[in-house]
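Engineer: Provided herewith is a single structure, encoded as C-alpha cells, for subsequent inquiry.
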Amino acid sequence: MTALLDVRDVNVTIGATKVLTDVSLSLYRGEAVGILGETGSGKTMTMRSIAGLLGTVGGRIDSGSIHINGRDITHESLRSRRRTLRGVVSMVPQGSMSSLDPLQRIGSQVSEALQLTRAGKASDADVRHALHAVRLTPTASLLRSRPHELSGGMRQRVMIALALASQPRLLLADEPTTALDASVRTSILDLFTELRVERQLGLVIISHDINAIASATDRVIVMNRGRVVETGRTSEVLANPQDPYTQELISALPERTPRGYYLPARRSTDDPNATANGGHVPVPARSMPTAGVSTIEAQALDFSYGDRQILHDISVRVRAGQRLGIVGESGSGKSTLARLLTGVLPSRQVTVNGTPWRRFGSSQPERHEVQLILQDPFASLTETQTALATVQEACRTVQKLARSAARQRALELLGSVGLSGDLVHRRPAQLSGGQCQRVSIARALAANPSILIADEPTSALDLSVQAGIVNLLLTLTTQRPLGLVVVSHDLAVISHLSDTIVVMERGCIVESGPTDQVLFQPKHPYTRQLVSANPWLAANAESNLYGKIRPGADASKLIEALGEQPVMVRAGSASDA
C-alpha cells in the first residue's frame with residue numbers, strides 16, 4: 001500500500017542556518033502521527049515543508065524528498081505544488097484567534113472556505129453541514145458571531161471546519177490544543193479521532209503537549225534541534241523512552257513528580273539552575289510567618305460586567321506564606337477573581353488587612369502588597385524596553401530608589417529569577433517565553449509584595465520551561481514569607497504550587513480544601529470531571545508516581561518507589577480558602 005505521506009531524509013535551510021537534518025516520516029490513511037518537541041525542535045518547519053510553506057519564511061529544501069500519494073512534490077513549482085496539494089492536504093494553524101478574520105462573521109468565513117473548493121456559491125445548508133461535522137450546533141447566533149465572541153474550543157472547531165472544507169486526505173494540526181482547558185483539549189482530540197476514523201484521514205499532530213500526543217496518535221516522532229531523535233509506537237515510546245531528550249521531556253511532566261519535590265528540568269537558558277532542581281529533590285520546608293502578616297480577603301463577593309453577573313458569593317482568604325490554587329475552565333471567573341484580588345478591578349468586598357482596596361491611593365504602601373503576574377509574558381512587557389530597564393523602572397517607581405540604586409536592585413532581582421549576563425540587556429522579542437515570564441516575576445518582586453497572584457503563569461510554555469517556572473515559584477515562596485495565588489486550568493501545575501485549592505464553575509466556588517483531598521478525593525461532579533480530563537492524574541498507572549499511591553493507601557509505597565524520604569509540606573485547611 002502506498003503511503004499517503006512519505007518524507008525521506010529532508011534537509012532544510014533558512015538563510016545560512018540549517019533547521020532540519022535528515023528528517024524522515026511516513027503516514028498511511030486513517031493513521032495519526034505525532035511530532036513531539038519543544039520550541040525550536042524543528043517540528044513546525046517539518047510541517048511547513050510538507051505543506052509547501054517554506055517560502056514564506058525564506059526556507060528551502062536542500063536534499064531529500066517529500067511524496068504525497070506516491071507523487072514527489074519536492075521540487076515542483078509553487079503553482080504545480082498547489083495543484084497537487086489542493087484537496088489532498090489541509091492545515092489547522094496554531095492560534096485560532098489570530099488565524100480567523102476578527103471582523104468577519106463565522107458563517108461568512110465557513111462559506112468563503114467552502115466556495116474555494118467548489119464552482120458555485122456555498123448554500124446555508126452546506127455551511128451548517130460543515131459546522132455539524134465538527135460537532136458544532138449551527139445556530140443563528142453562532143453564524144452571526146465573530147471570533148472573539150466564541151470560546152477557545154469553539155474557535156478551534158471552526159478552524160477545523162475551515163480545514164476540512166476541501167475534503168482533504170491529510171490534515172496537519174499545529175499545536176491544536178495549546179492553552180486550552182483540559183476538558184476542551186480532550187473534546188478537540190476526540191473530534192480528531194472521530195474524523196480520521198469516519199473519513200480515513202491521515203493526521204499529523206505537531207505539539208509540545210505530551211498528553212495530547214498520547215491521547216490522539218498511533219505513532220510519535222520526537223524531534224530535537226532539527227533532528228528526529230526517536231520514533232515508534234506512541235504507547236511504547238512514552239512508556240519506555242530510549243533517547244535522553246525524550247526521557248527528559250517525559251520526566252518534566254509535573255504529574256510525574258510528587259508534591260513537595262522540585263520538577264526535573266533540562267539545563268537550558270530558561271532554567272540555568274536546572275541541575276540543582278533536577279531529579280526528585282525535596283522542596284525545603286517553609287517557616288510560616290506569625291506576626292505582621294498581610295492578608296487579602298474576599299467576602300461574599302459578587303461582580304458583574306454590565307448586566308452580566310460573573311462572580312456569585314465568592315469568599316477566599318490568603319495570607320503571606322500560604323499558597324492557594326484557583327482552578328476552573330475558561331469562563332469560570334477565575335481570572336476576574338484574580339484581578340479583583342489585586343485591586344485591578346474595584347470592589348468594596350475585597351480587602352487588604354481589613355481595608356477595602358478602593359481606599360488605598362496609588363502612592364500608599366498597601367497598594368503594592370499584592371502583585372499580579374499576567375498570563376501572556378510577551379504582551380505584559382514593553383517591547384522596546386530591555387529586561388533590566390523594565391525591572392529598574394519598577395524599582396524607581398515603587399521603591400523611589402535613585403537611578404544607580406534601582407539598577408543594582410534590578411540586577412539582584414533578575415539574578416534571583418535566573419537571569420543574568422547578556423540576557424538582562426535583551427528586549428522581549430529577543431527572549432524566550434520562559435525568560436519573559438521570569439522578567440515579569442522580577443518586576444512583580446520589585447514592589448516587595450507580600451502576595452503574588454499568577455494568572456496562568458505556565459500557559460503554552462514548553463514542558464522544561466514550565467518546570468523551570470514552577471521550580472522558581474516554589475523557591476521564591478520557600479526563601480521568603482511570600483503568599484502565592486495561582487490561577488490555572490492545569491491541575492498538574494496547581495498541584496505543585498498550592499497547599500489549598502478552590503474550584504470554580506460559572507462564577508461560583510463549587511469545592512475547596514487541601515490539594516491532595518481535592519485532587520484525589522473530589523466530591524463535586526465538576527471537580528471529578530476536571531480530574532478525569534487529565535489522563536495522568538486520573539489513571540493510577542505505574543509510570544505515574546502520583547498513581548503509586550491511591551487515596552488512603554500506605555505512603556511507604558511512594559517512598560520505596562522514589563528511594564528517598566519526602567519532606568512534608570504544610571497544607572492549608574479548607575477554612576483557609
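Letters A, B, ... mark the chains of the C-alpha cells in the order given; residue numbers begin at 1 per chain; ligand numbers begin at 1, in order shown.
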So which residues touch segment 230-233 of chain A within 12 Å, counting only C-alpha atoms, skipping near sequence neighbours fewer than 4 positions away, as a ChimeraX atom specification?
Structural biologist: /A:23-26,31-37,213-214,216-224,237-247
Engineer: Per DSSP on the backbone, what are the alpha helix (DSSP H) residues of segment 370-552 of chain A, as number ranges by chain?
Structural biologist: A: 387-399, 403-416, 433-445, 463-479, 491-497, 515-520, 525-532, 535-538
Engineer: Check the smallest atom-to-atom distance from each of A:Leu100, A:Leu180, A:Ile441, A:Ala252 to Ala394 of chain A using only C-alpha atoms, then report the winner.
Structural biologist: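 Using only C-alpha atoms, the shortest distance to Ala394 of chain A belongs to A:Ile441.
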Engineer: Using only C-alpha atoms, which residue out of A:Leu345, A:Leu301, A:Val352, A:Leu191 lies closest to Gly153 of chain A?
Structural biologist: A:Leu191
Engineer: Given only C-alpha atoms as the basis, pick out the residue of A:Val19, A:Cys436, A:Ala492, A:Leu519 nearest to Arg225 of chain A.
Structural biologist: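 Using only C-alpha atoms, the shortest distance to Arg225 of chain A belongs to A:Val19.
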Engineer: Which residue, A:Gln435, A:Thr397, A:Thr257, A:Ser287, has the smallest gap to Ser495 of chain A when you use only C-alpha atoms?
Structural biologist: A:Thr257
Engineer: So which residues touch Lys334 of chain A within 8 Å, counting only C-alpha atoms, skipping near sequence neighbours fewer than 5 positions away, as an MDAnalysis selection string?
Structural biologist: chainID A and resid 326:328 487 504 507
Engineer: Just write the chosen residues, N, CA, C and O atoms, as an mmCIF file, in the first residue's frame.
Structural biologist:
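What landed in out_23.cif:
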```
data_model
loop_
_atom_site.group_PDB
_atom_site.id
_atom_site.type_symbol
_atom_site.label_atom_id
_atom_site.label_comp_id
_atom_site.auth_asym_id
_atom_site.auth_seq_id
_atom_site.Cartn_x
_atom_site.Cartn_y
_atom_site.Cartn_z
ATOM 1 N N ILE A 326 -6.418 28.378 42.314
ATOM 2 C CA ILE A 326 -7.779 28.615 41.837
ATOM 3 C C ILE A 326 -7.895 27.948 40.478
ATOM 4 O O ILE A 326 -7.189 28.331 39.536
ATOM 5 N N VAL A 327 -8.759 26.941 40.370
ATOM 6 C CA VAL A 327 -8.857 26.177 39.130
ATOM 7 C C VAL A 327 -10.260 26.272 38.564
ATOM 8 O O VAL A 327 -11.233 26.514 39.280
ATOM 9 N N GLY A 328 -10.336 26.053 37.271
ATOM 10 C CA GLY A 328 -11.617 26.095 36.569
ATOM 11 C C GLY A 328 -11.366 26.281 35.093
ATOM 12 O O GLY A 328 -10.272 26.659 34.666
ATOM 13 N N VAL A 487 -3.644 30.952 39.471
ATOM 14 C CA VAL A 487 -4.882 30.754 38.723
ATOM 15 C C VAL A 487 -4.543 29.931 37.494
ATOM 16 O O VAL A 487 -3.673 30.307 36.706
ATOM 17 N N MET A 504 -13.680 26.561 40.692
ATOM 18 C CA MET A 504 -14.722 27.478 40.259
ATOM 19 C C MET A 504 -15.424 26.969 39.015
ATOM 20 O O MET A 504 -14.805 26.450 38.092
ATOM 21 N N GLY A 507 -18.621 31.049 37.774
ATOM 22 C CA GLY A 507 -18.592 32.141 38.722
ATOM 23 C C GLY A 507 -18.836 31.771 40.161
ATOM 24 O O GLY A 507 -18.930 32.648 41.023
#
```
Engineer: Would you mind reading off the distance between atom CA of Ile68 of chain A and atom CA of Arg199 of chain A, one decimal, in Å?
Structural biologist: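 Atom-to-atom, atom CA of Ile68 of chain A and atom CA of Arg199 of chain A are spaced 17.6 Å apart.
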Engineer: So which residues touch segment 448-463 of chain A within 9 Å, counting only C-alpha atoms, skipping near sequence neighbours fewer than 5 positions away, as an NGL selection string?
Structural biologist: :A and (37-39 or 178-180 or 208-210 or 249-250 or 252-254 or 265 or 293-296 or 318-322 or 334-335 or 338-339 or 341-342 or 368-377 or 398-399 or 433-434 or 437 or 441 or 468-470 or 481-490 or 493)
Engineer: Show me, as a PyMOL selection string, the residues that have an atom within 9 Å of Thr177 of chain A when counting only C-alpha atoms, minus same-chain residues fewer than 2 positions from it.
Structural biologist: chain A and resi 94+153+156+174-175+179-182+184-186+188-189+207+209+212
Engineer: Would you output that residue set with C-alpha atoms, as a CSV table (one decimal), in the first residue's frame?
Structural biologist:
```
chain,number,residue,atom,x,y,z
A,94,GLN,CA,-1.7,27.4,15.6
A,153,GLY,CA,-12.7,25.4,22.0
A,156,GLN,CA,-10.7,25.7,17.3
A,174,ASP,CA,0.0,22.6,14.5
A,175,GLU,CA,-0.3,22.9,18.3
A,179,ALA,CA,-3.7,26.9,26.1
A,180,LEU,CA,-7.0,25.1,26.0
A,181,ASP,CA,-8.7,23.8,29.2
A,182,ALA,CA,-8.2,20.1,29.8
A,184,VAL,CA,-11.8,21.3,25.9
A,185,ARG,CA,-8.5,19.8,24.8
A,186,THR,CA,-9.9,16.3,25.3
A,188,ILE,CA,-10.8,18.5,20.4
A,189,LEU,CA,-8.6,15.4,20.4
A,207,SER,CA,2.8,19.6,19.6
A,209,ASP,CA,1.9,18.6,24.7
A,212,ALA,CA,-2.2,15.4,23.5
```
Engineer: Between atom CA of Ser498 of chain A and atom CA of Ala285 of chain A, measure the distance and give it in Å to one decimal.
Structural biologist: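 Spanning atom CA of Ser498 of chain A to atom CA of Ala285 of chain A is a straight-line distance of 13.8 Å.
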Engineer: Of the residues A:His129, A:Arg367, A:His75, A:Arg317, which is the one nearest to Arg60 of chain A, using only C-alpha atoms?
Structural biologist: A:His75
Engineer: Which one is closest to Ser151 of chain A: A:Gly30, A:Gln200, A:Gly331, A:Tyr261? Count only C-alpha atoms.
Structural biologist: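 Answer, going by the shortest atom-to-atom distance: A:Gly331.
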Engineer: Please identify all polymer residues within 12 Å of Gln408 of chain A, counting only C-alpha atoms, omitting same-chain residues fewer than 2 positions from it, and present them as a list in words.
Structural biologist: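 Within the cut-off, the hits are Leu388, Ala389, Val391, Gln392, Glu393, Cys395, Arg396, Leu401, Ala402, Arg403, Ser404, Ala405, Ala406, Ala410, Leu411, Glu412, Leu413, Leu414, Gly415 and Ala446 of chain A.
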Engineer: Next, dump the selected residues to file, keeping only C-alpha atoms, as a compact mmCIF listing (two decimals), in the first residue's frame.
Structural biologist:
```txt
# COMPACT_ATOMS: atom_id res chain seq x y z
CA LEU A 388 16.93 45.44 33.06
CA ALA A 389 15.11 48.66 32.12
CA VAL A 391 12.65 45.95 36.38
CA GLN A 392 14.70 49.09 37.07
CA GLU A 393 11.70 51.27 36.20
CA CYS A 395 12.20 49.77 41.41
CA ARG A 396 12.31 53.52 40.84
CA LEU A 401 15.17 54.45 44.55
CA ALA A 402 17.80 56.59 42.89
CA ARG A 403 18.90 55.51 39.41
CA SER A 404 22.08 53.71 40.50
CA ALA A 405 20.39 52.00 43.44
CA ALA A 406 17.44 50.99 41.26
CA ALA A 410 17.03 45.32 39.42
CA LEU A 411 20.15 43.24 38.73
CA GLU A 412 19.70 41.47 42.07
CA LEU A 413 16.05 40.69 41.32
CA LEU A 414 16.82 39.44 37.80
CA GLY A 415 19.57 37.26 39.24
CA ALA A 446 10.36 44.88 42.73
```
Engineer: Write down as number ranges by chain the residues belonging to segment 133-300 of chain A that are assigned strand (DSSP E) by DSSP computed on the backbone.
Structural biologist: A: 170-174, 202-207, 219-224, 227-233, 295-300
Engineer: Take atom CA of Gln299 of chain A and atom CA of Val350 of chain A and report the distance between them in Å, one decimal.
Structural biologist: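 Between these atoms lies a distance of 6.8 Å.
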